[in-house]
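Student: A single structure is presented below for examination.
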Amino acid sequence: MNKILQKLIFFFLFAVVAAYSAHDISNLDVWYHLRCGQLILEDFKIPQTNTFSYIAADQPSFDPYWLFQTLIYLISRLSGISGLVAFKMLVLIAAFFLLFNVRKKEDGYILPAFCLVLGAMAANARFIVRPELASYLFLCLYFFILHQYHNRKGRSRNIYLLIPLQILWANMHGFWVLGLFLVWAFLLGEAILWKTPLPFDWRDEIAVQGRNYTRLLLVGLVLTATTLITPYPHEILRLPFEMFAGLEGATGRGGPLIVNELISPFSADTLFSWQAIFYYKVLVAVSAASFLLNFRRINIIHLLIYAGFLYISVQARRNICAFALMAAPITFLNLGSFYKFSIEEFVQTRKLPMNRVRAVLSVGLGLVMILFIYDAASDRYYIRDRSNTRFGLGISNISYPKKAIDFIQENNITGNIFNNPAIGHYFTWRCFPERMVFLDGRFDLPDRFLSHYYVPQLWPKISEKYQINYLLLGHGRSPNIAPLTRMLYFNKDWILIYYDEMAVVFVKNAEENREIIEKFQVRFDATQDEDTAGIPRKNLFGVTDLPVAQFQLANLYATLGLNKRAIKKYEECADIFPSFWEAQSNLGDMYRKDGRVKNALRQYRMAVETRPNFVAGHVRLGDAYAAMGMLPQAVQAYKEAIKRKPELIAAHNGLGFACMQMKKYKEATQCFEAVLRLDHDNSMAGRMLAYCRRMISQDKSH
């Protein structure tokens with residue numbers, strides 16, 4: 001019976017990994033990597049410039065991912081997009097298989113399976129077809145080989161495999177530096193175990209000594225040197241510093257452009273992949289607890305590795321997967337050691353029925369894993385995350401401006417394009433070399449001001465310098481382009497000729513475009529311009545998909561000032577998917593603009609009840625209460641927002657004005673002082689602070 005349960009747990013562990021990696025392609029830059037791979041194979045050389053962008057075609061650019069790009073293009077040529085997804089699944093299953101096999105005999109199978117499932121749930125947001133996929137496999141290979149070497153298994157041979165692996169890794173992804181970190185962490189840890197007196201039983205681990213240590217040191221030195229065996233030996237050394245230097249959420253030359261994956265998982269900002277963040281925090285707690293439980297027998301090598309990977313994961317969400325892959329095996333090794341030396345004797349002396357306990361734990365863990373698998377396969381997991389990802393082997397239907405590009409190609413719209421970077425990679429894949437893109441998603445740009453491409457005030461300078469004839473703006477993936485879209489819509493020099501739930505197309509109001517303008521100009525008072533966004537599908541499990549088309553159309557209508565259309569679409573979202581908190585909040589905004597404050601208040605309440613961590617929703621709720629004169633309720637809402645995100649200026653500001661209206665000038669003073677600490681140049685807060693202090697002085701004088 002026990003062997004059957006063990007095999008089932010083993011099967012379900014890898015079924016969980018497969019389920020959370022078997023989802024459609026929805027990330028942005030996979031298309032850039034595929035096109036680069038195609039060029040490399042066709043020309044037998046690596047592009048040395050920003051090849052796809054006509055504004056930066058001669059801009060020097062190096063490609064550290066060229067080997068991975070070539071590999072995935074070959075796979076896509078042989079087996080299509082489904083083959084790419086299957087390749088990703090196999091890589092991740094192999095990675096977790098390696099980690100499962102570092103367990104010791106006393107660890108059994110329940111602890112390793114539990115820790116690895118927790119690791120998979122924390123890491124799954126990065127189960128995507130990007131060069132980092134190779135890094136995850138290499139990380140697990142390195143850890144497995146080094147762990148085997150430490151434990152005297154394959155000590156004389158397998159360690160040399162790291163040298164060719166490092167050459168491959170250095171030509172696939174910049175995380176090769178983590179491989180070096182692993183090797184040197186092992187070297188440092190082995191030296192400490194060998195030469196340094198340690199407390200408790202920390203030295204009970206058998207250190208690699210003498211000739212074996214020299215061999216490992218030699219491999220480390222050669223490994224470090226072989227990193228330079230790339231087409232870019234000088235640039236490759238700079239890459240890790242660039243990857244890990246800007247881990248505060250800002251990127252791009254001339255920035256700052258906020259990138260979600262570079263924000264700390266402990267940030268109070270609205271989280272994408274918030275479920276993975278939750279499991280990450282659980283993994284941090286469990287793994288830290290495992291060190292405390294096993295404190296008397298801590299493995300110093302594991303402690304060094306854990307501390308390094310925990311640090312980079314705390315700095316940026318994109319590093320969570322790397323942390324999870326290292327923390328999961330270290331955790332079950334810690335817990336296994338704790339059980340062996342602290343619990344096993346107690347269990348034996350009490351003659352507890354451990355076979356029965358193992359059976360119960362196995363069944364419980366198996367049921368949890370089945371629920372995880374169902375959650376992914378039914379899309380419930382992704383819908384709760386508001387993700388564009390869906391279970392399957394194809395291409396996401398809600399991530400790319402496919403129909404807008406079809407329109408451009410079918411109507412042969414020519415000249416220089418302007419686009420936002422979020423859709424640049426996909427445009428490159430679809431249109432290069434017949435059409436070159438403006439921004440391909442990278443920021444190797446000739447002009448610093450282009451990193452602020454979305455600022456309307458810069459548009460005259462951009463359009464004149466680069467002789468723009470038409471624009472393709474993917475509003476579905478880039479809400480920050482709303483001001484630019486609105487400006488263009490009301491600018492007589494640009495004409496909207498196409499829109500859908502993903503993108504808009506504008507052309508220059510010029511004679512050469514007269515025919516296409518007359519044929520396709522969008523006039524929202526004409527019946528021919530009515531959108532046709534359908535009801536979202538139900539999948540095989542009867543789960544209704546998010547009404548993404550309605551939501552993104554509503555956002556577009558709100559951007560263009562078409563409030564009645566926006567309200568209609570947001571109401572459709574709420575009818576189809578009542579817990580769609582983003583639609584509820586945006587509908588509240590529309591109701592407020594329409595003067596229906598009570599309706600707005602109801603929508604804001606529903607939004608924050610659905611998503612309590614939605615700090616902007618609490619601020620909007622406070623604004624609605626304040627507009628209705630319900631000041632105590634407004635104060636409570638603002639305080640809730642500040643509690644969740646103390647640096648939120650709007651919450652401090654709203655609370656200050658509410659306190660002023662309630663004549664609580666001392667509290668209002670504290671609020672405006674907080675605003676000025678966060679924004680020194682906030683003149684309104686300065687004036688309000690002076691007024692509150694004056695009122696406090698008057699009260700004292702009376």
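Following the order of the structure tokens, chains are lettered A, B, ..., residues in each are numbered from 1, and ligands are numbered from 1.
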To test your reading of the structure, identify every residue in region 448-592 of chain A that backbone DSSP assigns to helix (DSSP H, G or I), and report it as JSON, numbers by chain.
Tutor: {"A": [448, 449, 450, 451, 452, 456, 457, 458, 459, 460, 461, 462, 463, 464, 465, 479, 480, 481, 482, 483, 484, 485, 486, 487, 488, 489, 511, 512, 513, 514, 515, 516, 517, 518, 519, 520, 527, 528, 529, 548, 549, 550, 551, 552, 553, 554, 555, 556, 557, 558, 559, 563, 564, 565, 566, 567, 568, 569, 570, 571, 572, 573, 574, 575, 576, 581, 582, 583, 584, 585, 586, 587, 588, 589, 590, 591, 592]}
Student: When you look at Arg435 (chain A) with a cut-off of 10 Å (counting only C-alpha atoms), what residues show up, excluding the ones that are within fewer than 6 positions of it in the same chain? I need them as a list in words.
Tutor: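 Result of the neighbour search: Phe52, Ser53, Tyr54, Gln409, Thr414, Gly415, Asn416, Ile417, Phe427 and Thr428 of chain A.
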Student: Store the residues of this selection in a file with C-alpha atoms, as a PDB file, in the first residue's frame.
Tutor:
```pdb
ATOM      1  CA  PHE A  52      13.811  45.292 -36.203  1.00  0.00           C
ATOM      2  CA  SER A  53      13.351  48.974 -35.311  1.00  0.00           C
ATOM      3  CA  TYR A  54      13.677  51.499 -38.126  1.00  0.00           C
ATOM      4  CA  GLN A 409      -1.743  44.231 -43.773  1.00  0.00           C
ATOM      5  CA  THR A 414       2.449  51.934 -45.348  1.00  0.00           C
ATOM      6  CA  GLY A 415       4.933  54.511 -44.122  1.00  0.00           C
ATOM      7  CA  ASN A 416       6.560  54.838 -40.739  1.00  0.00           C
ATOM      8  CA  ILE A 417       4.660  53.259 -37.867  1.00  0.00           C
ATOM      9  CA  PHE A 427       4.383  43.151 -34.624  1.00  0.00           C
ATOM     10  CA  THR A 428       7.975  42.182 -35.447  1.00  0.00           C
TER      11      THR A 428
END
```
Student: Show which residues sit within 9 Å of Phe391 (chain A), as a list in words. Count only C-alpha atoms, and ignore same-chain residues fewer than 3 positions away.
Tutor: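 With the cut-off at 9 Å, the set is Ala19, Tyr20, Ser21, Ala22, His23, Asp24, Ala376, Ala377, Ser378, Asp379, Tyr382 and Gly394 of chain A.
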Student: Give me the residues near Leu445 (chain A) as a CSV table (one decimal) with C-alpha atoms, in the first residue's frame, where near means some atom within 10 Å (using only C-alpha atoms) and where sequence neighbours in that chain fewer than 2 positions away do not count.
Tutor:
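Now in out.csv:
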```
chain,number,residue,atom,x,y,z
A,50,ASN,CA,18.7,46.7,-33.2
A,53,SER,CA,13.4,49.0,-35.3
A,55,ILE,CA,14.6,54.3,-35.7
A,56,ALA,CA,17.4,52.3,-34.2
A,57,ALA,CA,18.4,49.8,-37.0
A,59,GLN,CA,22.0,51.1,-32.9
A,60,PRO,CA,24.6,48.6,-31.5
A,61,SER,CA,22.9,45.9,-29.6
A,252,GLY,CA,14.8,51.8,-19.4
A,253,ARG,CA,17.2,54.5,-20.4
A,254,GLY,CA,15.9,57.8,-19.3
A,439,LEU,CA,9.7,50.3,-30.6
A,442,ARG,CA,13.7,46.9,-26.0
A,443,PHE,CA,15.1,50.3,-24.9
A,447,ASP,CA,17.0,59.3,-28.0
A,448,ARG,CA,16.5,59.4,-24.3
A,449,PHE,CA,13.1,61.1,-24.6
A,450,LEU,CA,11.7,58.0,-26.3
A,451,SER,CA,11.5,56.1,-23.0
```
Student: With only C-alpha atoms as the counted atoms, please give the residues lying no more than 9 Å from Gln275 (chain A), apart from itself and same-chain residues fewer than 3 positions off, as a ChimeraX atom specification.
Tutor: /A:121-122,271-272,278-280,381,384-385
Student: Please dump the current selection as a PDB file, in the first residue's frame; keep N, CA and C atoms.
Tutor:
```pdb
ATOM      1  N   MET A 121       4.107  26.060  -6.848  1.00  0.00           N
ATOM      2  CA  MET A 121       3.021  27.045  -6.761  1.00  0.00           C
ATOM      3  C   MET A 121       3.584  28.464  -6.601  1.00  0.00           C
ATOM      4  N   ALA A 122       4.712  28.582  -5.917  1.00  0.00           N
ATOM      5  CA  ALA A 122       5.342  29.904  -5.771  1.00  0.00           C
ATOM      6  C   ALA A 122       5.990  30.352  -7.070  1.00  0.00           C
ATOM      7  N   LEU A 271      -1.130  43.446  -7.056  1.00  0.00           N
ATOM      8  CA  LEU A 271      -0.251  42.383  -7.522  1.00  0.00           C
ATOM      9  C   LEU A 271      -0.847  41.621  -8.687  1.00  0.00           C
ATOM     10  N   PHE A 272      -0.032  41.452  -9.735  1.00  0.00           N
ATOM     11  CA  PHE A 272      -0.315  40.421 -10.705  1.00  0.00           C
ATOM     12  C   PHE A 272       0.247  39.127 -10.120  1.00  0.00           C
ATOM     13  N   PHE A 278       1.428  34.764  -2.787  1.00  0.00           N
ATOM     14  CA  PHE A 278       0.985  34.167  -1.522  1.00  0.00           C
ATOM     15  C   PHE A 278       1.782  32.896  -1.226  1.00  0.00           C
ATOM     16  N   TYR A 279       1.886  32.007  -2.219  1.00  0.00           N
ATOM     17  CA  TYR A 279       2.631  30.760  -1.991  1.00  0.00           C
ATOM     18  C   TYR A 279       4.116  31.033  -1.761  1.00  0.00           C
ATOM     19  N   TYR A 280       4.638  32.074  -2.409  1.00  0.00           N
ATOM     20  CA  TYR A 280       6.029  32.465  -2.172  1.00  0.00           C
ATOM     21  C   TYR A 280       6.220  32.846  -0.707  1.00  0.00           C
ATOM     22  N   TYR A 381      -7.606  29.167 -11.653  1.00  0.00           N
ATOM     23  CA  TYR A 381      -6.416  29.801 -11.082  1.00  0.00           C
ATOM     24  C   TYR A 381      -6.079  31.083 -11.846  1.00  0.00           C
ATOM     25  N   ARG A 384      -8.776  33.929 -11.463  1.00  0.00           N
ATOM     26  CA  ARG A 384      -8.651  34.634 -10.182  1.00  0.00           C
ATOM     27  C   ARG A 384      -7.492  35.619 -10.215  1.00  0.00           C
ATOM     28  N   ASP A 385      -6.431  35.276 -10.935  1.00  0.00           N
ATOM     29  CA  ASP A 385      -5.247  36.144 -11.034  1.00  0.00           C
ATOM     30  C   ASP A 385      -5.429  37.287 -12.025  1.00  0.00           C
TER      31      ASP A 385
END
```
Student: Which residues of region 430-542 of chain A sit at most 9 Å from region 395-404 of chain A, using only C-alpha atoms? Give each one's shortest atom pair and distance in Å (one decimal place), in chain and ascending residue order, as JSON lines.
Tutor:
```
{"residue": "A:Arg430", "atom": "CA", "partner": "A:Lys402", "partner_atom": "CA", "distance": 8.8}
{"residue": "A:Leu472", "atom": "CA", "partner": "A:Ala404", "partner_atom": "CA", "distance": 7.8}
{"residue": "A:Leu473", "atom": "CA", "partner": "A:Pro401", "partner_atom": "CA", "distance": 8.9}
{"residue": "A:Gly474", "atom": "CA", "partner": "A:Pro401", "partner_atom": "CA", "distance": 6.6}
{"residue": "A:Gly476", "atom": "CA", "partner": "A:Ser399", "partner_atom": "CA", "distance": 7.6}
{"residue": "A:Arg477", "atom": "CA", "partner": "A:Ser399", "partner_atom": "CA", "distance": 7.2}
{"residue": "A:Tyr498", "atom": "CA", "partner": "A:Ala404", "partner_atom": "CA", "distance": 7.3}
{"residue": "A:Tyr499", "atom": "CA", "partner": "A:Ala404", "partner_atom": "CA", "distance": 7.4}
{"residue": "A:Asp500", "atom": "CA", "partner": "A:Ala404", "partner_atom": "CA", "distance": 7.5}
{"residue": "A:Glu501", "atom": "CA", "partner": "A:Pro401", "partner_atom": "CA", "distance": 8.7}
{"residue": "A:Met502", "atom": "CA", "partner": "A:Pro401", "partner_atom": "CA", "distance": 5.5}
{"residue": "A:Ala503", "atom": "CA", "partner": "A:Pro401", "partner_atom": "CA", "distance": 5.9}
{"residue": "A:Val504", "atom": "CA", "partner": "A:Ala404", "partner_atom": "CA", "distance": 7.2}
{"residue": "A:Val505", "atom": "CA", "partner": "A:Ala404", "partner_atom": "CA", "distance": 7.3}
```
Student: Interatomic distance between CA of Met606 (chain A) and CA of Arg620 (chain A)?
Tutor: 11.9 Å
Student: Fewer than 2 positions away in the same chain doesn't count, so skip those; otherwise give me all residues within 12 Å of region 629-645 of chain A, counting only C-alpha atoms, as a ChimeraX atom specification.
Tutor: /A:266-270,597-598,601,604-605,608,612-627,647-664,667-668,671,674-675
Student: Create the file for the chosen residues now, containing N, CA and C atoms and written as a short mmCIF file (atom, residue, chain, number, x, y, z; two decimals), in the first residue's frame.
Tutor:
```
data_model
loop_
_atom_site.label_atom_id
_atom_site.label_comp_id
_atom_site.auth_asym_id
_atom_site.auth_seq_id
_atom_site.Cartn_x
_atom_site.Cartn_y
_atom_site.Cartn_z
N PHE A 266 6.93 41.97 -1.75
CA PHE A 266 6.36 42.50 -0.52
C PHE A 266 5.82 43.92 -0.70
N SER A 267 5.81 44.39 -1.95
CA SER A 267 5.24 45.70 -2.23
C SER A 267 3.74 45.67 -2.02
N ALA A 268 3.16 46.79 -1.63
CA ALA A 268 1.71 46.88 -1.43
C ALA A 268 0.98 47.21 -2.72
N ASP A 269 1.71 47.37 -3.83
CA ASP A 269 1.04 47.64 -5.10
C ASP A 269 0.15 46.48 -5.48
N THR A 270 -0.90 46.79 -6.26
CA THR A 270 -1.79 45.74 -6.74
C THR A 270 -0.96 44.68 -7.44
N VAL A 597 -23.40 59.44 -7.63
CA VAL A 597 -22.42 59.15 -6.59
C VAL A 597 -22.83 57.93 -5.77
N LYS A 598 -24.13 57.76 -5.49
CA LYS A 598 -24.58 56.59 -4.73
C LYS A 598 -24.26 55.30 -5.47
N LEU A 601 -20.60 54.70 -5.16
CA LEU A 601 -20.27 54.21 -3.82
C LEU A 601 -20.51 52.71 -3.72
N TYR A 604 -17.70 50.84 -5.60
CA TYR A 604 -16.43 50.85 -4.87
C TYR A 604 -16.46 49.88 -3.69
N ARG A 605 -17.59 49.84 -3.00
CA ARG A 605 -17.72 48.90 -1.88
C ARG A 605 -17.55 47.46 -2.37
N VAL A 608 -13.77 46.67 -3.20
CA VAL A 608 -12.86 46.42 -2.08
C VAL A 608 -13.28 45.20 -1.26
N PRO A 612 -9.78 43.07 -1.04
CA PRO A 612 -9.43 43.98 0.06
C PRO A 612 -8.09 44.66 -0.11
N ASN A 613 -7.16 44.05 -0.87
CA ASN A 613 -5.83 44.63 -1.04
C ASN A 613 -5.78 45.70 -2.12
N PHE A 614 -6.92 46.03 -2.70
CA PHE A 614 -7.00 47.02 -3.77
C PHE A 614 -6.99 48.41 -3.14
N VAL A 615 -5.78 48.95 -2.92
CA VAL A 615 -5.64 50.19 -2.16
C VAL A 615 -6.26 51.39 -2.87
N ALA A 616 -6.13 51.45 -4.21
CA ALA A 616 -6.75 52.56 -4.94
C ALA A 616 -8.26 52.53 -4.78
N GLY A 617 -8.83 51.32 -4.65
CA GLY A 617 -10.27 51.21 -4.43
C GLY A 617 -10.69 51.82 -3.11
N HIS A 618 -9.88 51.63 -2.08
CA HIS A 618 -10.20 52.24 -0.78
C HIS A 618 -10.16 53.77 -0.87
N VAL A 619 -9.20 54.30 -1.64
CA VAL A 619 -9.13 55.76 -1.82
C VAL A 619 -10.36 56.26 -2.56
N ARG A 620 -10.75 55.56 -3.61
CA ARG A 620 -11.94 55.97 -4.37
C ARG A 620 -13.19 55.88 -3.51
N LEU A 621 -13.24 54.85 -2.68
CA LEU A 621 -14.38 54.73 -1.76
C LEU A 621 -14.40 55.91 -0.80
N GLY A 622 -13.24 56.29 -0.30
CA GLY A 622 -13.16 57.46 0.57
C GLY A 622 -13.60 58.73 -0.14
N ASP A 623 -13.18 58.89 -1.39
CA ASP A 623 -13.59 60.07 -2.17
C ASP A 623 -15.10 60.12 -2.34
N ALA A 624 -15.71 58.94 -2.58
CA ALA A 624 -17.16 58.90 -2.77
C ALA A 624 -17.88 59.24 -1.47
N TYR A 625 -17.40 58.69 -0.35
CA TYR A 625 -18.00 59.03 0.94
C TYR A 625 -17.89 60.53 1.20
N ALA A 626 -16.71 61.09 0.93
CA ALA A 626 -16.49 62.52 1.16
C ALA A 626 -17.43 63.35 0.29
N ALA A 627 -17.63 62.93 -0.97
CA ALA A 627 -18.52 63.67 -1.87
C ALA A 627 -19.95 63.66 -1.37
N GLU A 647 2.77 54.72 1.78
CA GLU A 647 3.34 55.77 0.93
C GLU A 647 2.37 56.31 -0.11
N LEU A 648 1.09 55.98 0.00
CA LEU A 648 0.10 56.40 -0.99
C LEU A 648 -0.32 57.85 -0.72
N ILE A 649 0.14 58.76 -1.57
CA ILE A 649 -0.11 60.19 -1.36
C ILE A 649 -1.59 60.52 -1.40
N ALA A 650 -2.32 59.93 -2.36
CA ALA A 650 -3.75 60.25 -2.51
C ALA A 650 -4.53 59.94 -1.23
N ALA A 651 -4.15 58.88 -0.53
CA ALA A 651 -4.86 58.51 0.71
C ALA A 651 -4.59 59.53 1.81
N HIS A 652 -3.33 59.94 1.98
CA HIS A 652 -2.99 60.96 2.98
C HIS A 652 -3.68 62.28 2.65
N ASN A 653 -3.70 62.61 1.37
CA ASN A 653 -4.32 63.86 0.94
C ASN A 653 -5.82 63.85 1.23
N GLY A 654 -6.48 62.75 0.83
CA GLY A 654 -7.92 62.65 1.07
C GLY A 654 -8.25 62.67 2.53
N LEU A 655 -7.46 61.97 3.34
CA LEU A 655 -7.68 61.96 4.78
C LEU A 655 -7.49 63.35 5.36
N GLY A 656 -6.49 64.08 4.87
CA GLY A 656 -6.26 65.44 5.36
C GLY A 656 -7.45 66.35 5.10
N PHE A 657 -8.01 66.30 3.88
CA PHE A 657 -9.16 67.15 3.55
C PHE A 657 -10.39 66.74 4.35
N ALA A 658 -10.58 65.43 4.57
CA ALA A 658 -11.72 64.98 5.36
C ALA A 658 -11.60 65.47 6.80
N CYS A 659 -10.40 65.38 7.36
CA CYS A 659 -10.19 65.85 8.73
C CYS A 659 -10.39 67.37 8.82
N MET A 660 -9.97 68.09 7.79
CA MET A 660 -10.19 69.54 7.77
C MET A 660 -11.68 69.85 7.83
N GLN A 661 -12.47 69.14 7.01
CA GLN A 661 -13.91 69.39 7.00
C GLN A 661 -14.54 69.06 8.35
N MET A 662 -13.94 68.12 9.07
CA MET A 662 -14.45 67.77 10.40
C MET A 662 -13.83 68.64 11.48
N LYS A 663 -13.01 69.64 11.06
CA LYS A 663 -12.33 70.57 11.95
C LYS A 663 -11.36 69.87 12.90
N LYS A 664 -10.83 68.74 12.45
CA LYS A 664 -9.78 68.04 13.20
C LYS A 664 -8.44 68.47 12.59
N GLU A 667 -5.07 66.39 13.25
CA GLU A 667 -4.95 65.19 12.41
C GLU A 667 -4.68 65.55 10.95
N ALA A 668 -5.34 66.62 10.49
CA ALA A 668 -5.14 67.06 9.10
C ALA A 668 -3.70 67.50 8.89
N CYS A 671 -1.52 64.61 8.29
CA CYS A 671 -1.72 64.06 6.95
C CYS A 671 -0.95 64.86 5.90
N ALA A 674 2.67 64.29 6.04
CA ALA A 674 3.02 63.02 5.40
C ALA A 674 3.09 63.18 3.88
N VAL A 675 2.16 63.95 3.32
CA VAL A 675 2.17 64.21 1.88
C VAL A 675 3.47 64.89 1.48
#
```
Student: Find the nearest atom pair between each residue of region 406-431 of chain A and region 32-37 of chain A for residues within 12 Å, count only C-alpha atoms, give distances in Å to one decimal, sort rows by chain and ascending number, and present the table as a Markdown table.
Tutor:
```
| residue | atom | partner | partner_atom | distance |
| --- | --- | --- | --- | --- |
| A:Pro421 | CA | A:Tyr32 | CA | 11.5 |
| A:Ala422 | CA | A:Tyr32 | CA | 11.5 |
| A:Ile423 | CA | A:Tyr32 | CA | 10.4 |
| A:Gly424 | CA | A:Tyr32 | CA | 8.4 |
| A:His425 | CA | A:Tyr32 | CA | 4.9 |
| A:Tyr426 | CA | A:Tyr32 | CA | 7.1 |
| A:Phe427 | CA | A:Tyr32 | CA | 9.1 |
| A:Thr428 | CA | A:Tyr32 | CA | 6.8 |
| A:Trp429 | CA | A:Arg35 | CA | 5.9 |
| A:Arg430 | CA | A:Arg35 | CA | 9.3 |
| A:Cys431 | CA | A:Arg35 | CA | 10.4 |
```
Student: For the residues in the current selection, export N, CA and C atoms as a PDB file, in the first residue's frame.
Tutor:
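Once everything was written out, this is result_39.pdb:
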```pdb
ATOM      1  N   PRO A 421       5.750  49.779 -26.936  1.00  0.00           N
ATOM      2  CA  PRO A 421       6.632  48.613 -26.900  1.00  0.00           C
ATOM      3  C   PRO A 421       5.943  47.316 -26.522  1.00  0.00           C
ATOM      4  N   ALA A 422       4.821  47.363 -25.804  1.00  0.00           N
ATOM      5  CA  ALA A 422       4.167  46.127 -25.362  1.00  0.00           C
ATOM      6  C   ALA A 422       3.762  45.236 -26.522  1.00  0.00           C
ATOM      7  N   ILE A 423       3.523  45.830 -27.697  1.00  0.00           N
ATOM      8  CA  ILE A 423       3.124  45.021 -28.849  1.00  0.00           C
ATOM      9  C   ILE A 423       4.208  44.981 -29.927  1.00  0.00           C
ATOM     10  N   GLY A 424       5.361  45.577 -29.632  1.00  0.00           N
ATOM     11  CA  GLY A 424       6.425  45.634 -30.632  1.00  0.00           C
ATOM     12  C   GLY A 424       6.968  44.276 -31.017  1.00  0.00           C
ATOM     13  N   HIS A 425       7.107  43.385 -30.031  1.00  0.00           N
ATOM     14  CA  HIS A 425       7.632  42.048 -30.323  1.00  0.00           C
ATOM     15  C   HIS A 425       6.696  41.291 -31.262  1.00  0.00           C
ATOM     16  N   TYR A 426       5.408  41.343 -30.968  1.00  0.00           N
ATOM     17  CA  TYR A 426       4.445  40.592 -31.782  1.00  0.00           C
ATOM     18  C   TYR A 426       4.360  41.176 -33.197  1.00  0.00           C
ATOM     19  N   PHE A 427       4.392  42.509 -33.315  1.00  0.00           N
ATOM     20  CA  PHE A 427       4.383  43.151 -34.624  1.00  0.00           C
ATOM     21  C   PHE A 427       5.607  42.713 -35.436  1.00  0.00           C
ATOM     22  N   THR A 428       6.751  42.634 -34.778  1.00  0.00           N
ATOM     23  CA  THR A 428       7.975  42.182 -35.447  1.00  0.00           C
ATOM     24  C   THR A 428       7.813  40.772 -35.995  1.00  0.00           C
ATOM     25  N   TRP A 429       7.256  39.890 -35.193  1.00  0.00           N
ATOM     26  CA  TRP A 429       7.062  38.501 -35.622  1.00  0.00           C
ATOM     27  C   TRP A 429       6.121  38.421 -36.819  1.00  0.00           C
ATOM     28  N   ARG A 430       5.072  39.238 -36.789  1.00  0.00           N
ATOM     29  CA  ARG A 430       4.074  39.169 -37.850  1.00  0.00           C
ATOM     30  C   ARG A 430       4.513  39.883 -39.129  1.00  0.00           C
ATOM     31  N   CYS A 431       5.267  40.967 -39.011  1.00  0.00           N
ATOM     32  CA  CYS A 431       5.444  41.873 -40.156  1.00  0.00           C
ATOM     33  C   CYS A 431       6.862  42.017 -40.688  1.00  0.00           C
TER      34      CYS A 431
END
```
Student: Could you tell me, as an NGL selection string, which residues of region 129-361 of chain A DSSP assigns to strand (DSSP E or B) when given the backbone?
Tutor: :A and (250-251 or 257-258)
Student: Leaving out Ile163 (chain A) and any residue of its chain fewer than 6 positions from it, which residues lie within 10 Å of it when counting only C-alpha atoms, given as a list in words?
Tutor: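 My reading of the contact set: Trp169, Val219, Gly220, Leu221, Val222, Leu223, Thr224, Ala225, Thr226 and Thr227 of chain A.
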Student: Can you work out which one of A:His680, A:Ile93, A:Ala327, A:Ile236 has the shortest atom-to-atom distance to Ala285 (chain A), counting only C-alpha atoms?
Tutor: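 Of all the options, A:Ala327 lies closest to Ala285 (chain A).
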Student: Grab the CA of Pro460 (chain A) to CA of Asn555 (chain A) distance for me, in Å with one decimal place.
Tutor: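 These two atoms are separated by 24.9 Å.
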Student: Could you state the separation of CA of Met487 (chain A) and CA of Glu572 (chain A) in Å, given to one decimal place?
Tutor: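 Atom-to-atom, CA of Met487 (chain A) to CA of Glu572 (chain A), that is 27.0 Å.
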Student: Smallest atom-to-atom distance to Lys569 (chain A): which of A:Thr544, A:Leu116, A:Ile535, A:Leu180, using only C-alpha atoms?
Tutor: A:Ile535
Student: If you take only C-alpha atoms and a cut-off of 12 Å, which residues of region 88-122 of chain A touch region 330-336 of chain A, and what are their nearest atom pairs and distances in Å to one decimal, in chain and number order, as a Markdown table?
Tutor:
```
| residue | atom | partner | partner_atom | distance |
| --- | --- | --- | --- | --- |
| A:Leu99 | CA | A:Ile330 | CA | 9.6 |
| A:Phe100 | CA | A:Phe332 | CA | 9.7 |
| A:Asn101 | CA | A:Leu333 | CA | 11.3 |
| A:Val102 | CA | A:Leu333 | CA | 8.5 |
| A:Arg103 | CA | A:Leu333 | CA | 6.6 |
| A:Lys104 | CA | A:Leu333 | CA | 7.5 |
| A:Lys105 | CA | A:Gly336 | CA | 9.1 |
| A:Glu106 | CA | A:Gly336 | CA | 6.4 |
| A:Asp107 | CA | A:Gly336 | CA | 4.7 |
| A:Gly108 | CA | A:Gly336 | CA | 8.2 |
| A:Tyr109 | CA | A:Phe332 | CA | 9.7 |
| A:Ile110 | CA | A:Phe332 | CA | 9.3 |
| A:Leu111 | CA | A:Phe332 | CA | 5.7 |
| A:Pro112 | CA | A:Phe332 | CA | 5.4 |
| A:Ala113 | CA | A:Phe332 | CA | 8.7 |
| A:Phe114 | CA | A:Phe332 | CA | 8.4 |
| A:Cys115 | CA | A:Phe332 | CA | 6.2 |
| A:Leu116 | CA | A:Phe332 | CA | 8.6 |
| A:Val117 | CA | A:Phe332 | CA | 11.5 |
| A:Leu118 | CA | A:Thr331 | CA | 10.6 |
| A:Gly119 | CA | A:Thr331 | CA | 10.1 |
```
